[in-house]
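Just my_file_13.pdb here, PDB, C-alpha atoms and all ligand atoms:
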ATOM      1  CA  MET A   5       4.818 -17.231  -5.411
ATOM      2  CA  TYR A   6       3.659 -19.128  -2.343
ATOM      3  CA  LYS A   7       1.222 -22.020  -2.712
ATOM      4  CA  LEU A   8      -0.335 -23.194   0.534
ATOM      5  CA  ASN A   9      -2.149 -26.505   1.020
ATOM      6  CA  ALA A  10      -4.441 -25.122   3.712
ATOM      7  CA  CYS A  11      -6.218 -21.777   3.982
ATOM      8  CA  ALA A  12      -3.959 -19.283   5.813
ATOM      9  CA  LEU A  13      -6.961 -17.897   7.677
ATOM     10  CA  CYS A  14      -9.294 -20.748   8.651
ATOM     11  CA  GLY A  15      -6.873 -23.660   8.180
ATOM     12  CA  LYS A  16      -9.198 -25.751   6.007
ATOM     13  CA  THR A  17      -7.459 -27.832   3.368
ATOM     14  CA  GLY A  18      -8.661 -28.134  -0.170
ATOM     15  CA  ASP A  19      -9.440 -25.598  -2.814
ATOM     16  CA  ILE A  20      -7.045 -22.719  -2.133
ATOM     17  CA  LYS A  21      -7.608 -19.754  -4.413
ATOM     18  CA  LEU A  22      -5.094 -17.427  -5.969
ATOM     19  CA  SER A  23      -5.504 -14.323  -3.807
ATOM     20  CA  HIS A  24      -4.403 -10.781  -4.351
ATOM     21  CA  ILE A  25      -2.346  -9.338  -1.549
ATOM     22  CA  ILE A  26      -3.497  -5.855  -2.360
ATOM     23  CA  PRO A  27      -7.164  -5.960  -3.368
ATOM     24  CA  LYS A  28      -8.040  -6.348  -7.010
ATOM     25  CA  LEU A  29      -9.902  -3.066  -6.983
ATOM     26  CA  VAL A  30      -6.651  -1.146  -6.434
ATOM     27  CA  GLY A  31      -5.011  -2.877  -9.398
ATOM     28  CA  ARG A  32      -8.076  -2.237 -11.513
ATOM     29  CA  ARG A  33      -7.956   1.436 -10.642
ATOM     30  CA  LEU A  34      -4.286   1.675 -11.601
ATOM     31  CA  LYS A  35      -5.001  -0.129 -14.866
ATOM     32  CA  LYS A  36      -7.976   2.075 -15.741
ATOM     33  CA  THR A  37      -5.967   5.261 -15.239
ATOM     34  CA  SER A  38      -2.784   4.027 -16.947
ATOM     35  CA  ILE A  39      -1.916   4.951 -20.494
ATOM     36  CA  GLY A  40      -0.590   1.540 -21.349
ATOM     37  CA  LYS A  41      -0.046  -1.639 -19.439
ATOM     38  CA  ILE A  42       0.909  -1.736 -15.792
ATOM     39  CA  ARG A  43       4.548  -2.505 -15.285
ATOM     40  CA  ASN A  44       5.557  -4.938 -12.597
ATOM     41  CA  ILE A  45       8.161  -2.980 -10.693
ATOM     42  CA  GLU A  46      10.216  -6.153 -10.165
ATOM     43  CA  ASN A  47      10.634  -6.495 -13.898
ATOM     44  CA  VAL A  48       9.991  -3.253 -15.739
ATOM     45  CA  ASN A  49      10.596  -4.692 -19.183
ATOM     46  CA  ASN A  50       7.778  -7.141 -18.868
ATOM     47  CA  PRO A  51       4.379  -5.436 -18.575
ATOM     48  CA  VAL A  52       1.962  -7.483 -16.503
ATOM     49  CA  GLN A  53      -1.800  -7.569 -16.510
ATOM     50  CA  ASP A  54      -2.264  -8.091 -12.843
ATOM     51  CA  ILE A  55      -0.805  -7.398  -9.440
ATOM     52  CA  GLU A  56       0.874  -9.833  -7.087
ATOM     53  CA  LYS A  57      -1.052 -13.014  -6.285
ATOM     54  CA  HIS A  58      -0.432 -16.005  -4.020
ATOM     55  CA  TYR A  59      -2.369 -19.165  -3.175
ATOM     56  CA  LEU A  60      -3.419 -18.099   0.302
ATOM     57  CA  LEU A  61      -7.143 -18.373   1.119
ATOM     58  CA  CYS A  62     -10.023 -20.794   0.610
ATOM     59  CA  ASP A  63     -13.048 -19.697  -1.363
ATOM     60  CA  THR A  64     -15.147 -18.978   1.754
ATOM     61  CA  CYS A  65     -12.522 -16.709   3.354
ATOM     62  CA  GLU A  66     -11.763 -15.016   0.045
ATOM     63  CA  LYS A  67     -15.472 -14.164  -0.380
ATOM     64  CA  PHE A  68     -15.711 -13.024   3.239
ATOM     65  CA  PHE A  69     -12.799 -10.586   2.795
ATOM     66  CA  ASN A  70     -14.312  -9.389  -0.440
ATOM     67  CA  LYS A  71     -17.273  -7.824   1.384
ATOM     68  CA  TYR A  72     -14.924  -5.530   3.330
ATOM     69  CA  GLU A  73     -12.844  -4.663   0.276
ATOM     70  CA  THR A  74     -15.950  -3.558  -1.574
ATOM     71  CA  TRP A  75     -16.971  -1.348   1.339
ATOM     72  CA  PHE A  76     -13.502   0.230   1.376
ATOM     73  CA  ALA A  77     -13.538   0.794  -2.391
ATOM     74  CA  ASN A  78     -16.956   2.441  -2.396
ATOM     75  CA  ASN A  79     -16.611   4.503   0.756
ATOM     76  CA  ILE A  80     -12.965   5.559   0.883
ATOM     77  CA  PHE A  81     -10.613   4.515  -1.896
ATOM     78  CA  ASN A  82     -12.601   5.625  -4.938
ATOM     79  CA  PRO A  83     -14.070   8.841  -3.456
ATOM     80  CA  TYR A  84     -10.564   9.853  -2.301
ATOM     81  CA  LEU A  85      -8.854   9.180  -5.627
ATOM     82  CA  ASN A  86     -11.737  10.825  -7.508
ATOM     83  CA  LYS A  87     -11.217  13.860  -5.244
ATOM     84  CA  GLU A  88     -14.921  13.764  -4.356
ATOM     85  CA  LYS A  89     -14.346  13.711  -0.603
ATOM     86  CA  ASP A  90     -11.666  14.261   2.007
ATOM     87  CA  ASP A  91     -13.793  13.531   5.069
ATOM     88  CA  PHE A  92     -14.889   9.956   5.711
ATOM     89  CA  ASP A  93     -17.259   8.537   8.316
ATOM     90  CA  TYR A  94     -16.631   4.862   8.793
ATOM     91  CA  ASP A  95     -18.059   1.831  10.553
ATOM     92  CA  GLU A  96     -16.605  -1.542  11.596
ATOM     93  CA  HIS A  97     -15.863  -2.434   7.956
ATOM     94  CA  LEU A  98     -12.818  -0.152   7.818
ATOM     95  CA  HIS A  99     -10.860  -1.540  10.757
ATOM     96  CA  TYR A 100     -11.569  -5.085   9.618
ATOM     97  CA  PHE A 101     -10.450  -4.332   6.079
ATOM     98  CA  LEU A 102      -7.185  -2.668   7.173
ATOM     99  CA  THR A 103      -6.459  -5.597   9.462
ATOM    100  CA  SER A 104      -7.077  -8.110   6.664
ATOM    101  CA  LEU A 105      -4.841  -6.129   4.327
ATOM    102  CA  SER A 106      -1.873  -5.965   6.707
ATOM    103  CA  TRP A 107      -2.408  -9.535   7.885
ATOM    104  CA  ARG A 108      -2.111 -10.938   4.331
ATOM    105  CA  SER A 109       1.153  -9.099   3.814
ATOM    106  CA  LEU A 110       2.479  -9.994   7.272
ATOM    107  CA  TYR A 111       1.647 -13.676   6.816
ATOM    108  CA  LEU A 112       3.736 -13.908   3.635
ATOM    109  CA  ASP A 113       6.533 -11.734   5.031
ATOM    110  CA  ILE A 114       6.888 -14.005   8.075
ATOM    111  CA  MET A 115       7.377 -16.953   5.701
ATOM    112  CA  ASP A 116      10.075 -14.917   3.928
ATOM    113  CA  PHE A 117      11.798 -13.936   7.178
ATOM    114  CA  VAL A 118      11.759 -17.544   8.385
ATOM    115  CA  GLN A 119      13.173 -18.766   5.095
ATOM    116  CA  TYR A 120      15.681 -16.032   4.305
ATOM    117  CA  GLY A 121      16.343 -14.316   7.649
ATOM    118  CA  GLY A 122      16.888 -10.576   7.749
ATOM    119  CA  ILE A 123      15.480  -9.820  11.210
ATOM    120  CA  GLY A 124      16.409 -10.804  14.753
ATOM    121  CA  ILE A 125      14.630 -13.423  16.813
ATOM    122  CA  GLU A 126      12.821 -10.896  19.060
ATOM    123  CA  ALA A 127      11.376  -9.037  16.090
ATOM    124  CA  LEU A 128      10.355 -12.296  14.463
ATOM    125  CA  GLN A 129       8.637 -13.453  17.656
ATOM    126  CA  CYS A 130       6.746 -10.165  17.852
ATOM    127  CA  LEU A 131       5.591 -10.540  14.235
ATOM    128  CA  ILE A 132       4.487 -14.133  14.785
ATOM    129  CA  ALA A 133       2.545 -13.184  17.938
ATOM    130  CA  SER A 134       0.965 -10.245  16.059
ATOM    131  CA  GLU A 135      -0.055 -12.465  13.164
ATOM    132  CA  GLU A 136      -1.902 -14.725  15.616
ATOM    133  CA  ILE A 137      -3.720 -11.779  17.189
ATOM    134  CA  LEU A 138      -4.776 -10.417  13.799
ATOM    135  CA  ARG A 139      -5.902 -13.836  12.605
ATOM    136  CA  SER A 140      -8.022 -14.437  15.732
ATOM    137  CA  TYR A 141      -9.658 -11.042  15.244
ATOM    138  CA  LEU A 142     -10.307 -11.738  11.554
ATOM    139  CA  LEU A 143     -11.901 -15.065  12.518
ATOM    140  CA  ASN A 144     -14.089 -13.255  15.078
ATOM    141  CA  LYS A 145     -12.455 -15.164  17.918
ATOM    142  CA  ARG A 146     -11.528 -11.901  19.641
ATOM    143  CA  ASN A 147     -12.926  -8.396  19.254
ATOM    144  CA  ASP A 148      -9.762  -6.302  19.539
ATOM    145  CA  ILE A 149      -6.185  -6.460  18.286
ATOM    146  CA  GLY A 150      -4.458  -5.633  21.567
ATOM    147  CA  GLN A 151      -1.662  -3.056  21.290
ATOM    148  CA  ILE A 152      -1.585  -3.258  17.490
ATOM    149  CA  GLU A 153      -2.692  -0.065  15.691
ATOM    150  CA  ASN A 154      -4.054   0.602  12.199
ATOM    151  CA  HIS A 155      -3.350   3.985  10.590
ATOM    152  CA  ILE A 156      -4.260   5.593   7.281
ATOM    153  CA  PHE A 157      -2.081   8.357   5.895
ATOM    154  CA  PHE A 158      -3.376  10.231   2.856
ATOM    155  CA  TYR A 159      -0.150  11.111   1.104
ATOM    156  CA  ASP A 160      -0.852  14.676   0.125
ATOM    157  CA  ARG A 161       0.656  16.494  -2.803
ATOM    158  CA  ILE A 162       3.993  17.747  -1.538
ATOM    159  CA  GLN A 163       4.070  21.545  -1.404
ATOM    160  CA  LYS A 164       7.361  21.876   0.341
ATOM    161  CA  ALA A 165      10.389  19.705   0.742
ATOM    162  CA  THR A 166      13.258  21.148   2.713
ATOM    163  CA  GLY A 167      16.813  20.332   3.766
ATOM    164  CA  GLU A 168      18.995  17.495   2.556
ATOM    165  CA  PHE A 169      16.002  15.155   2.391
ATOM    166  CA  GLY A 170      14.104  17.747   0.336
ATOM    167  CA  LYS A 171      16.895  17.991  -2.206
ATOM    168  CA  GLU A 172      16.971  14.242  -2.622
ATOM    169  CA  LEU A 173      13.197  14.023  -2.766
ATOM    170  CA  LYS A 174      13.069  16.352  -5.758
ATOM    171  CA  GLN A 175      15.236  13.997  -7.786
ATOM    172  CA  LEU A 176      12.914  11.120  -7.059
ATOM    173  CA  HIS A 177       9.670  12.221  -8.750
ATOM    174  CA  PRO A 178       7.643  11.658  -5.554
ATOM    175  CA  HIS A 179       4.278  12.199  -7.183
ATOM    176  CA  THR A 180       4.665   9.764 -10.041
ATOM    177  CA  SER A 181       6.295   7.157  -7.836
ATOM    178  CA  ILE A 182       3.871   7.195  -4.894
ATOM    179  CA  PHE A 183       0.637   7.900  -6.760
ATOM    180  CA  ARG A 184       1.262   5.466  -9.580
ATOM    181  CA  SER A 185       2.356   2.484  -7.564
ATOM    182  CA  ILE A 186       1.185  -0.280  -5.273
ATOM    183  CA  ASN A 187       3.427  -1.888  -2.677
ATOM    184  CA  SER A 188       3.101  -3.756   0.585
ATOM    185  CA  TYR A 189       5.702  -5.141   2.971
ATOM    186  CA  THR A 190       6.667  -5.579   6.615
ATOM    187  CA  ASN A 191       9.626  -3.764   8.100
ATOM    188  CA  CYS A 192      11.319  -3.852  11.509
ATOM    189  CA  TYR A 193      13.551  -1.042  12.769
ATOM    190  CA  GLU A 194      14.996  -3.131  15.544
ATOM    191  CA  ASN A 195      17.340  -0.423  16.867
ATOM    192  CA  VAL A 196      14.421   1.920  17.707
ATOM    193  CA  GLY A 197      11.743  -0.729  18.288
ATOM    194  CA  THR A 198       9.260   0.073  15.518
ATOM    195  CA  PHE A 199       7.764  -2.861  13.608
ATOM    196  CA  PHE A 200       5.026  -2.436  11.026
ATOM    197  CA  THR A 201       3.429  -3.400   7.713
ATOM    198  CA  ILE A 202       3.121  -0.589   5.171
ATOM    199  CA  THR A 203       0.850  -0.697   2.122
ATOM    200  CA  ASN A 204       0.814   2.054  -0.464
ATOM    201  CA  MET A 205      -2.275   2.048  -2.652
ATOM    202  CA  MET A 206      -1.675   4.932  -5.040
ATOM    203  CA  GLY A 207      -1.118   7.480  -2.275
ATOM    204  CA  LEU A 208      -3.467   6.010   0.284
ATOM    205  CA  ILE A 209      -0.986   4.602   2.763
ATOM    206  CA  VAL A 210      -1.921   2.079   5.430
ATOM    207  CA  VAL A 211       0.467   1.382   8.293
ATOM    208  CA  THR A 212      -0.190  -1.278  10.915
ATOM    209  CA  PHE A 213       2.140  -1.046  13.922
ATOM    210  CA  TYR A 214       3.027  -4.216  15.793
ATOM    211  CA  LYS A 215       5.461  -2.278  17.965
ATOM    212  CA  LYS A 216       5.817   1.497  18.040
ATOM    213  CA  SER A 217       8.650   3.538  19.552
ATOM    214  CA  ILE A 218       7.638   6.509  21.769
ATOM    215  CA  ASP A 219       9.262   8.861  19.220
ATOM    216  CA  GLU A 220       6.588   8.036  16.642
ATOM    217  CA  LYS A 221       4.099  10.909  16.184
ATOM    218  CA  TRP A 222       0.923  10.109  14.262
ATOM    219  CA  ILE A 223      -1.796  12.752  14.452
ATOM    220  CA  ASN A 224      -5.287  12.193  12.988
ATOM    221  CA  THR A 225      -4.311   8.942  11.313
ATOM    222  CA  LYS A 226      -5.514   6.176  13.651
ATOM    223  CA  VAL A 227      -8.512   4.045  12.704
ATOM    224  CA  GLU A 228     -10.572   2.747  15.620
ATOM    225  CA  ILE A 229     -12.592  -0.448  15.857
ATOM    226  CA  GLY A 230     -16.237   0.360  15.113
ATOM    227  CA  LYS A 231     -17.548   3.764  14.076
ATOM    228  CA  GLY A 232     -15.363   6.812  13.534
ATOM    229  CA  ASN A 233     -14.196   9.520  11.175
ATOM    230  CA  ILE A 234     -10.971  10.127   9.282
ATOM    231  CA  LYS A 235      -9.989  13.105   7.161
ATOM    232  CA  ALA A 236      -7.512  13.474   4.323
ATOM    233  CA  ARG A 237      -6.349  16.737   5.857
ATOM    234  CA  ASN A 238      -4.590  18.014   8.995
ATOM    235  CA  GLN A 239      -2.636  14.816   9.275
ATOM    236  CA  TYR A 240       0.808  15.108  10.762
ATOM    237  CA  ILE A 241       3.486  12.492  11.018
ATOM    238  CA  ALA A 242       6.989  12.427  12.443
ATOM    239  CA  SER A 243       8.086   8.875  11.841
ATOM    240  CA  ILE A 244      10.842   6.548  10.845
ATOM    241  CA  VAL A 245       8.377   5.277   8.207
ATOM    242  CA  GLY A 246       9.431   8.344   6.162
ATOM    243  CA  ASN A 247      12.498   6.279   5.258
ATOM    244  CA  ASP A 248      10.243   3.717   3.662
ATOM    245  CA  LEU A 249       8.465   6.291   1.495
ATOM    246  CA  LYS A 250      11.856   7.480   0.314
ATOM    247  CA  GLU A 251      12.987   3.925  -0.337
ATOM    248  CA  ILE A 252       9.849   3.174  -2.362
ATOM    249  CA  MET A 253      10.604   6.240  -4.504
ATOM    250  CA  GLU A 254      14.268   5.330  -4.913
ATOM    251  CA  TYR A 255      13.419   1.777  -5.824
ATOM    252  CA  ILE A 256      10.989   2.862  -8.518
ATOM    253  CA  GLU A 257      13.519   5.329  -9.959
ATOM    254  CA  GLU A 258      16.129   2.582 -10.042
ATOM    255  CA  GLN A 259      13.748   0.171 -11.769
ATOM    256  CA  LYS A 260      12.751   2.829 -14.285
ATOM    257  CA  SER A 261      16.406   3.340 -15.217
ATOM    258  CA  LYS A 262      16.511  -0.342 -16.172
ATOM    259  CA  LEU A 263      13.883   0.089 -18.909
ATOM    260  CA  SER A 264      15.248  -1.206 -22.197
ATOM    261  CA  GLU A 265      15.445   1.065 -25.271
ATOM    262  CA  ASN A 266      12.836  -1.081 -26.924
ATOM    263  CA  GLN A 267      10.389  -0.649 -24.032
ATOM    264  CA  LYS A 268      11.061   3.106 -23.956
ATOM    265  CA  GLU A 269      10.126   3.305 -27.654
ATOM    266  CA  ILE A 270       6.888   1.404 -27.021
ATOM    267  CA  ILE A 271       5.975   3.779 -24.177
ATOM    268  CA  LYS A 272       6.775   6.840 -26.321
ATOM    269  CA  LYS A 273       4.583   5.542 -29.153
ATOM    270  CA  ARG A 274       1.739   4.854 -26.759
ATOM    271  CA  ILE A 275       1.931   8.362 -25.271
ATOM    272  CA  LYS A 276       2.012   9.833 -28.788
ATOM    273  CA  SER A 277      -1.079   7.858 -29.794
ATOM    274  CA  VAL A 278      -2.942   9.211 -26.767
ATOM    275  CA  GLY A 279      -2.098  12.743 -27.937
ATOM    276  CA  ASN A 280      -4.016  15.569 -26.341
ATOM    277  CA  ASN A 281      -6.106  13.159 -24.295
ATOM    278  CA  ILE A 282      -3.118  12.687 -22.011
ATOM    279  CA  LYS A 283      -4.563  15.477 -19.877
ATOM    280  CA  ASN A 284      -7.338  13.084 -18.873
ATOM    281  CA  TYR A 285      -4.893  10.668 -17.294
ATOM    282  CA  ASP A 286      -3.912  11.111 -13.651
ATOM    283  CA  ILE A 287      -0.268  10.528 -14.448
ATOM    284  CA  PHE A 288      -0.173  13.790 -16.402
ATOM    285  CA  GLN A 289      -0.945  15.802 -13.260
ATOM    286  CA  ASN A 290       1.596  13.737 -11.299
ATOM    287  CA  MET A 291       4.292  14.594 -13.839
ATOM    288  CA  ILE A 292       3.426  18.295 -13.656
ATOM    289  CA  ASP A 293       3.613  18.170  -9.867
ATOM    290  CA  ASP A 294       7.064  16.579 -10.052
ATOM    291  CA  ILE A 295       8.296  19.207 -12.506
ATOM    292  CA  ASN A 296       6.909  22.046 -10.356
ATOM    293  CA  LEU A 297       8.538  20.615  -7.270
ATOM    294  CA  LYS A 298      11.871  20.498  -9.072
ATOM    295  CA  ASN A 299      11.576  24.111 -10.309
ATOM    296  CA  ARG A 300      10.481  25.446  -6.955
ATOM    297  CA  GLY A 301      13.686  24.273  -5.295
TER     298      GLY A 301
HETATM  299 ZN    ZN A 401     -10.484 -20.255   4.736
END
Could you quickly redo this structure as structure tokens?
Amino acid sequence: MYKLNACALCGKTGDIKLSHIIPKLVGRRLKKTSIGKIRNIENVNNPVQDIEKHYLLCDTCEKFFNKYETWFANNIFNPYLNKEKDDFDYDEHLHYFLTSLSWRSLYLDIMDFVQYGGIGIEALQCLIASEEILRSYLLNKRNDIGQIENHIFFYDRIQKATGEFGKELKQLHPHTSIFRSINSYTNCYENVGTFFTITNMMGLIVVTFYKKSIDEKWINTKVEIGKGNIKARNQYIASIVGNDLKEIMEYIEEQKSKLSENQKEIIKKRIKSVGNNIKNYDIFQNMIDDINLKNRG
């Protein structure tokens, strides 16, 4: 956990709050629709009550961000997960929220890259320059984010998975892993020149590109500054980011295999105690989708 002495956004020193990287509302949603406790994917045998937090922002900035998170929850996140809507008109709140989301993740990832390495100097310089652009925009010191792009990809239920990748995908329970998890990180494919932050919020996937190779195809996913519309249909992507979705799935499968016998027993008991009501939990449908996908192949 990082603990900063000054606010990462406005730079004021003093009372720095524990901030969520991915908004609280997403964690709350996962908790409300989970049968038992949420499991921290870093340590599956130790159920946690909350999602990742760092000391990052002062109270003023935290409250300021909160306004945009609430807008996102009410207008996009909840209606989408409740399957009430797949067509969303938006205003300036959305672009600001997506920028704040990726910026928080990027800020912490830069500290990691500086400390532990893992990317080349050019990529690191691009990330640092991008962080400055995003921060200026978030502080209302500029009204655009230059070449940087925000995209939302509504990860649809997979109907078809073909080829070698399809075969692998079926072993990975894509529905349970993507729809039941929250993750956010920055990745640089330096060989092709694509740098981005990806955040998965239970199937609503946000990607912010700092650098994008010409081979990237993203149709009906871009969010503009100001007013616009985005639909959870007719989205098409041909992207290296597909690797990341696969890696998220693989990682979750690997972590699940580390569950202790004791923890498995506790989960079994909890599912038993829920009994027939299990149908009311989202995870039930996700499991069915995974089984169907397996049988279809
Ligand atoms: Zn601040």
Check every protein, DNA and RNA residue against ligand ZN 401 (chain A), keep those with an atom at most 7 Å away (counting only C-alpha atoms and all ligand atoms), and present them as a PDB file with C-alpha atoms, keeping the file's coordinate frame.
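The new file out_11.pdb reads:
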ATOM      1  CA  CYS A  11      -6.218 -21.777   3.982  1.00  0.00           C
ATOM      2  CA  ALA A  12      -3.959 -19.283   5.813  1.00  0.00           C
ATOM      3  CA  LEU A  13      -6.961 -17.897   7.677  1.00  0.00           C
ATOM      4  CA  CYS A  14      -9.294 -20.748   8.651  1.00  0.00           C
ATOM      5  CA  GLY A  15      -6.873 -23.660   8.180  1.00  0.00           C
ATOM      6  CA  LYS A  16      -9.198 -25.751   6.007  1.00  0.00           C
ATOM      7  CA  LEU A  61      -7.143 -18.373   1.119  1.00  0.00           C
ATOM      8  CA  CYS A  62     -10.023 -20.794   0.610  1.00  0.00           C
ATOM      9  CA  ASP A  63     -13.048 -19.697  -1.363  1.00  0.00           C
ATOM     10  CA  THR A  64     -15.147 -18.978   1.754  1.00  0.00           C
ATOM     11  CA  CYS A  65     -12.522 -16.709   3.354  1.00  0.00           C
TER      12      CYS A  65
END
CA of Gly230 in chain A to CA of Asp95 in chain A, straight-line distance in Å: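 Spanning CA of Asp95 in chain A to CA of Gly230 in chain A is a straight-line distance of 5.1 Å.
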Box for range 11-16 of chain A - axis-aligned, 4 Å on each of the six sides, all listed atoms - centre and size in Å to one decimal, as JSON.
{"center_x": -6.6, "center_y": -21.8, "center_z": 6.3, "size_x": 13.3, "size_y": 15.9, "size_z": 12.7}
Reference answer for the PyMOL selection byres (((chain A and resi 142-154) around 8) and not hetatm), as a list of chain:residue names: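 Those residues are A:Leu13, A:Cys14, A:His99, A:Tyr100, A:Leu102, A:Thr103, A:Ser104, A:Ser134, A:Ile137, A:Leu138, A:Arg139, A:Ser140, A:Tyr141, A:His155, A:Ile156, A:Val210, A:Val211, A:Thr212, A:Phe213, A:Tyr214, A:Lys215, A:Lys226, A:Val227, A:Glu228, A:Ile229.
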Long-range neighbours of Leu110 in chain A as a PyMOL selection string, 8 Å cut-off, all atoms listed in the file, 5 positions minimum in chain: chain A and resi 131+135+189-190+201
Non-local contacts of Tyr159 in chain A (7 Å; all atoms listed in the file; under 2 positions in same chain excluded) as a PyMOL selection string: chain A and resi 157+161+207-209
Point-to-point distance in Å for CA of Ile244 in chain A and CA of Asp219 in chain A: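 One can read the CA of Asp219 in chain A to CA of Ile244 in chain A distance as 8.8 Å.
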Selected residue of minimal separation from Met206 in chain A among A:Leu85, A:Lys221, A:Ile241, A:Ser264, counting only C-alpha atoms: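 Going through A:Leu85, A:Lys221, A:Ile241, A:Ser264 one by one, the smallest distance to Met206 in chain A is for A:Leu85.
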Residue IDs satisfying the PyMOL selection byres (((chain A and resi 187) around 6) and not hetatm), as a ChimeraX atom specification: /A:186,188,203-204
Which residues, written as a PDB file with C-alpha atoms, in the coordinates of the input, have at least one atom at most 10 Å from Arg237 in chain A, with all atoms listed in the file counted and residues fewer than 2 positions away on the same chain left out?
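Full text of part17.pdb as output:
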ATOM      1  CA  ASP A  90     -11.666  14.261   2.007  1.00  0.00           C
ATOM      2  CA  ASP A  91     -13.793  13.531   5.069  1.00  0.00           C
ATOM      3  CA  PHE A 157      -2.081   8.357   5.895  1.00  0.00           C
ATOM      4  CA  PHE A 158      -3.376  10.231   2.856  1.00  0.00           C
ATOM      5  CA  TYR A 159      -0.150  11.111   1.104  1.00  0.00           C
ATOM      6  CA  ASP A 160      -0.852  14.676   0.125  1.00  0.00           C
ATOM      7  CA  ASN A 224      -5.287  12.193  12.988  1.00  0.00           C
ATOM      8  CA  THR A 225      -4.311   8.942  11.313  1.00  0.00           C
ATOM      9  CA  ILE A 234     -10.971  10.127   9.282  1.00  0.00           C
ATOM     10  CA  LYS A 235      -9.989  13.105   7.161  1.00  0.00           C
ATOM     11  CA  GLN A 239      -2.636  14.816   9.275  1.00  0.00           C
ATOM     12  CA  TYR A 240       0.808  15.108  10.762  1.00  0.00           C
TER      13      TYR A 240
END
Would you kindly return, as a PDB file with C-alpha atoms, keeping the file's coordinate frame, each protein, DNA or RNA residue with an atom no farther than 9 Å from any atom of Asn79 in chain A, considering all atoms listed in the file and excluding same-chain residues fewer than 4 positions away?
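Okay, result_26.pdb is ready:
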ATOM      1  CA  THR A  74     -15.950  -3.558  -1.574  1.00  0.00           C
ATOM      2  CA  TRP A  75     -16.971  -1.348   1.339  1.00  0.00           C
ATOM      3  CA  PRO A  83     -14.070   8.841  -3.456  1.00  0.00           C
ATOM      4  CA  TYR A  84     -10.564   9.853  -2.301  1.00  0.00           C
ATOM      5  CA  PHE A  92     -14.889   9.956   5.711  1.00  0.00           C
ATOM      6  CA  ASP A  93     -17.259   8.537   8.316  1.00  0.00           C
ATOM      7  CA  TYR A  94     -16.631   4.862   8.793  1.00  0.00           C
TER       8      TYR A  94
END
A:Glu96, A:Glu66, A:Asp113, A:Glu220 ranked by distance to Lys21 in chain A, top pick (using only C-alpha atoms):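 When distances to Lys21 in chain A are compared using only C-alpha atoms, the smallest one comes from A:Glu66.
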Atom pair CA of Glu254 in chain A / CA of Met115 in chain A: separation (Å): 25.6 Å
Counting only C-alpha atoms, the residue of A:Lys71, A:His58, A:His97, A:Lys216 that sits nearest Cys130 in chain A: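 With only C-alpha atoms as the atom set, the closest residue is A:Lys216.
Using all atoms listed in the file for every distance, the candidate list A:Glu73, A:Asn78, A:Glu136, A:Asn191 yields A:Asn191 as the residue closest to Gly122 in chain A.
Once the PyMOL selection byres (((chain A and resi 6) around 7) and not hetatm) is applied to the depicted file, the selected set reads A:Met5, A:Lys7, A:Leu8, A:His58, A:Tyr59.
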Residue nearest Leu112 in chain A - candidates A:Leu60, A:Ile20, A:Ala236, A:Val196, atoms counted: all atoms listed in the file: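 Closest to Leu112 in chain A of all the choices is A:Leu60.
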